[in-house]
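All remarks here apply to the structure that follows.
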Amino acid sequence: MEFNGNRFNLVYLAVMLGMTAMSTQAETTSSWIEQPSSVVTSKDVGIGISSPSEALHVQGNAIADDPLQDNHLVTKRYVDSIAHDLQDSTLQLSQQLATLTSQYNTLNTQYQTLSSNLVSLESRYNSVSNQLLIALDRIQALEDKLTPVGRNCLDIITQTPQATTGFYLVDPDGADVGVQAFKVWCDMDYQGGGWTLFANHKDNIENIQVGELISPNEFSVMKAERWQALRATVTGGMMFKDEHGKISQIYQAKVQNANCRNIYTEDDLAQLSTLGDYGLIWHHEDTNCDVSWDFSGVILGDKDSTRVQTYTYQGASVIQAPHSKTRFDVWPYGNDESSRYHQDQLLYFVK
Ligand SMILES: [Ca+2]
């Protein structure tokens, strides 16, 4: 065992001083410590015998079993007791260190095991996730095969009368030609169903967005090539459903015979040409095409520059001017010439 603390050094020095003094005056030297010759050789202290064992109290420096003051030197018994105490403390600390080392080793082993298990679990999780994704892809493929595919929603409900309102796969221009089949939202309830949603729009849209999937939950319009393929299949006309469930309609004859603009002249729903202050997807007017007092129309308009000023309050509206002879076939807005007083949003369907 080694004692390197300052306390031991002080004790050691004190003992040496004490023994030097004793040897100088009595020519006798304690046998319990080696006495360096360089320390102080003359001190006013009492002299012990060859094996001092009792406290000696003297004037000046003192040799004491119980050193309490700065000028006390210490006895071997004191040094032994301190050494014994240090031995005990060191032993206890060693035992605690051994215990802690053992506990650390145990915990470290457990940690290694848990780490290994975690790696294994992560690996299994990744494996299962991949298998799940593969399975979901297969389910989707099967669903697509099971879903009835038609040219439009009317085709689907004709083939499958029990079809309910929701998303279906359509290929308006037929398989393997033109556009690829794509999903559409079909209203299969109103007037026997078969209505295909091609736009969802509201007032105050600065720029119309083209959507991959046109749904009642997102404002967007159908891609141009899909719209062109879909409109070629229309046989029943148009329907517009506002956010309150109110429905307006134009039957197919009027859709086809609009003299100013109809769905067959507007190829890109996101880039409708404007007339006056409107972006119109359908427009019939008794005289001229200047959207004056005798026209009916369906607005699918956005700002798209500063040219259109009415987009903020009737970007999605239907209009039949008071003197228009061409009326909507279904008009739920009373005597008002514009639906803008009653609604802000429209779902645009064809059938
Ligand atoms: Ca096709």
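Each chain in the structure tokens gets a letter, A, B, ..., in the order shown, and its residues are numbered from 1; ligands are numbered from 1 in order too.
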Got a sec to check which residues lie within 7 Å of ligand 1, using only C-alpha atoms and all ligand atoms, and send them as a short mmCIF file (atom, residue, chain, number, x, y, z; two decimals) with C-alpha atoms, in the first residue's frame?
```cif
data_model
loop_
_atom_site.label_atom_id
_atom_site.label_comp_id
_atom_site.auth_asym_id
_atom_site.auth_seq_id
_atom_site.Cartn_x
_atom_site.Cartn_y
_atom_site.Cartn_z
CA ASP A 171 -60.24 5.26 -70.11
CA PRO A 172 -62.36 7.60 -72.23
CA ASP A 173 -60.67 6.83 -75.54
CA GLY A 174 -60.32 3.10 -74.95
CA ALA A 175 -57.53 0.78 -73.90
CA ASP A 176 -54.12 0.92 -75.55
CA VAL A 177 -54.82 4.17 -77.39
CA GLY A 178 -54.73 7.83 -76.46
CA VAL A 179 -54.62 8.59 -72.77
CA GLN A 180 -53.94 5.91 -70.21
CA ALA A 181 -56.68 4.92 -67.82
#
```
Expected answer as a ChimeraX atom specification: strand (DSSP E) residues in range 49-236 of chain A: /A:62-64,72-74,149-150,166-170,182-187,195-202,210-211,220-222
Please save N, CA and C atoms of the selected residues as an mmCIF file, in the first residue's frame.
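And here's again.cif as it stands now:
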```
data_model
loop_
_atom_site.group_PDB
_atom_site.id
_atom_site.type_symbol
_atom_site.label_atom_id
_atom_site.label_comp_id
_atom_site.auth_asym_id
_atom_site.auth_seq_id
_atom_site.Cartn_x
_atom_site.Cartn_y
_atom_site.Cartn_z
ATOM 1 N N ALA A 62 5.911 19.657 20.348
ATOM 2 C CA ALA A 62 5.499 18.568 21.213
ATOM 3 C C ALA A 62 5.246 17.322 20.389
ATOM 4 N N ILE A 63 5.571 16.226 21.016
ATOM 5 C CA ILE A 63 5.231 14.955 20.382
ATOM 6 C C ILE A 63 3.934 14.491 21.006
ATOM 7 N N ALA A 64 2.943 14.197 20.159
ATOM 8 C CA ALA A 64 1.621 13.931 20.736
ATOM 9 C C ALA A 64 0.927 12.790 20.003
ATOM 10 N N HIS A 72 2.755 20.519 17.246
ATOM 11 C CA HIS A 72 2.760 19.134 17.709
ATOM 12 C C HIS A 72 3.433 18.234 16.709
ATOM 13 N N LEU A 73 4.419 17.520 17.153
ATOM 14 C CA LEU A 73 4.913 16.402 16.359
ATOM 15 C C LEU A 73 4.070 15.196 16.731
ATOM 16 N N VAL A 74 4.249 14.112 16.044
ATOM 17 C CA VAL A 74 3.353 12.981 16.292
ATOM 18 C C VAL A 74 4.128 11.728 16.644
ATOM 19 N N VAL A 149 -63.763 -0.782 -65.218
ATOM 20 C CA VAL A 149 -63.195 0.298 -66.013
ATOM 21 C C VAL A 149 -64.174 0.616 -67.127
ATOM 22 N N GLY A 150 -64.466 1.908 -67.258
ATOM 23 C CA GLY A 150 -65.361 2.325 -68.341
ATOM 24 C C GLY A 150 -64.803 3.539 -69.031
ATOM 25 N N GLY A 166 -68.028 7.376 -55.854
ATOM 26 C CA GLY A 166 -66.639 7.212 -55.406
ATOM 27 C C GLY A 166 -65.697 7.268 -56.592
ATOM 28 N N PHE A 167 -64.485 6.811 -56.356
ATOM 29 C CA PHE A 167 -63.469 6.852 -57.408
ATOM 30 C C PHE A 167 -63.548 5.592 -58.279
ATOM 31 N N TYR A 168 -63.369 5.797 -59.566
ATOM 32 C CA TYR A 168 -63.331 4.679 -60.516
ATOM 33 C C TYR A 168 -62.264 4.960 -61.565
ATOM 34 N N LEU A 169 -61.877 3.874 -62.220
ATOM 35 C CA LEU A 169 -60.895 3.975 -63.292
ATOM 36 C C LEU A 169 -61.629 4.135 -64.622
ATOM 37 N N VAL A 170 -61.219 5.137 -65.377
ATOM 38 C CA VAL A 170 -61.843 5.316 -66.695
ATOM 39 C C VAL A 170 -60.759 5.432 -67.768
ATOM 40 N N PHE A 182 -57.274 6.482 -66.055
ATOM 41 C CA PHE A 182 -57.005 7.305 -64.874
ATOM 42 C C PHE A 182 -58.229 7.298 -63.965
ATOM 43 N N LYS A 183 -58.006 7.676 -62.724
ATOM 44 C CA LYS A 183 -59.090 7.650 -61.736
ATOM 45 C C LYS A 183 -59.901 8.935 -61.798
ATOM 46 N N VAL A 184 -61.201 8.775 -61.653
ATOM 47 C CA VAL A 184 -62.083 9.946 -61.576
ATOM 48 C C VAL A 184 -63.084 9.740 -60.432
ATOM 49 N N TRP A 185 -63.654 10.847 -59.985
ATOM 50 C CA TRP A 185 -64.718 10.803 -58.982
ATOM 51 C C TRP A 185 -66.054 10.738 -59.712
ATOM 52 N N CYS A 186 -66.839 9.717 -59.369
ATOM 53 C CA CYS A 186 -68.136 9.541 -60.005
ATOM 54 C C CYS A 186 -69.261 9.799 -59.000
ATOM 55 N N ASP A 187 -70.176 10.708 -59.351
ATOM 56 C CA ASP A 187 -71.414 10.848 -58.586
ATOM 57 C C ASP A 187 -72.408 9.855 -59.178
ATOM 58 N N TRP A 195 -72.189 10.690 -63.345
ATOM 59 C CA TRP A 195 -71.582 12.020 -63.524
ATOM 60 C C TRP A 195 -70.079 11.960 -63.229
ATOM 61 N N THR A 196 -69.280 12.440 -64.177
ATOM 62 C CA THR A 196 -67.825 12.427 -64.020
ATOM 63 C C THR A 196 -67.341 13.827 -63.634
ATOM 64 N N LEU A 197 -66.649 13.910 -62.505
ATOM 65 C CA LEU A 197 -66.125 15.204 -62.029
ATOM 66 C C LEU A 197 -64.874 15.570 -62.820
ATOM 67 N N PHE A 198 -64.901 16.757 -63.446
ATOM 68 C CA PHE A 198 -63.707 17.171 -64.199
ATOM 69 C C PHE A 198 -63.051 18.425 -63.633
ATOM 70 N N ALA A 199 -63.741 19.112 -62.706
ATOM 71 C CA ALA A 199 -63.124 20.290 -62.089
ATOM 72 C C ALA A 199 -63.760 20.554 -60.733
ATOM 73 N N ASN A 200 -62.968 21.060 -59.828
ATOM 74 C CA ASN A 200 -63.435 21.511 -58.516
ATOM 75 C C ASN A 200 -62.840 22.897 -58.329
ATOM 76 N N HIS A 201 -63.709 23.908 -58.278
ATOM 77 C CA HIS A 201 -63.207 25.282 -58.369
ATOM 78 C C HIS A 201 -63.980 26.188 -57.416
ATOM 79 N N LYS A 202 -63.358 27.309 -57.066
ATOM 80 C CA LYS A 202 -64.029 28.285 -56.202
ATOM 81 C C LYS A 202 -63.615 29.692 -56.613
ATOM 82 N N VAL A 210 -53.743 22.276 -62.151
ATOM 83 C CA VAL A 210 -54.085 21.018 -62.812
ATOM 84 C C VAL A 210 -53.821 19.883 -61.829
ATOM 85 N N GLY A 211 -54.788 18.971 -61.664
ATOM 86 C CA GLY A 211 -54.646 17.909 -60.674
ATOM 87 C C GLY A 211 -54.457 16.542 -61.307
ATOM 88 N N SER A 220 -58.923 21.761 -58.147
ATOM 89 C CA SER A 220 -58.043 21.565 -59.296
ATOM 90 C C SER A 220 -58.902 21.195 -60.496
ATOM 91 N N VAL A 221 -58.269 21.196 -61.667
ATOM 92 C CA VAL A 221 -58.981 20.817 -62.894
ATOM 93 C C VAL A 221 -58.229 19.678 -63.576
ATOM 94 N N MET A 222 -58.949 18.986 -64.457
ATOM 95 C CA MET A 222 -58.395 17.804 -65.117
ATOM 96 C C MET A 222 -57.325 18.196 -66.137
#
```
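Note that the spacing between CA of Asp267 in chain A and CA of Ser339 in chain A amounts to 24.9 Å.
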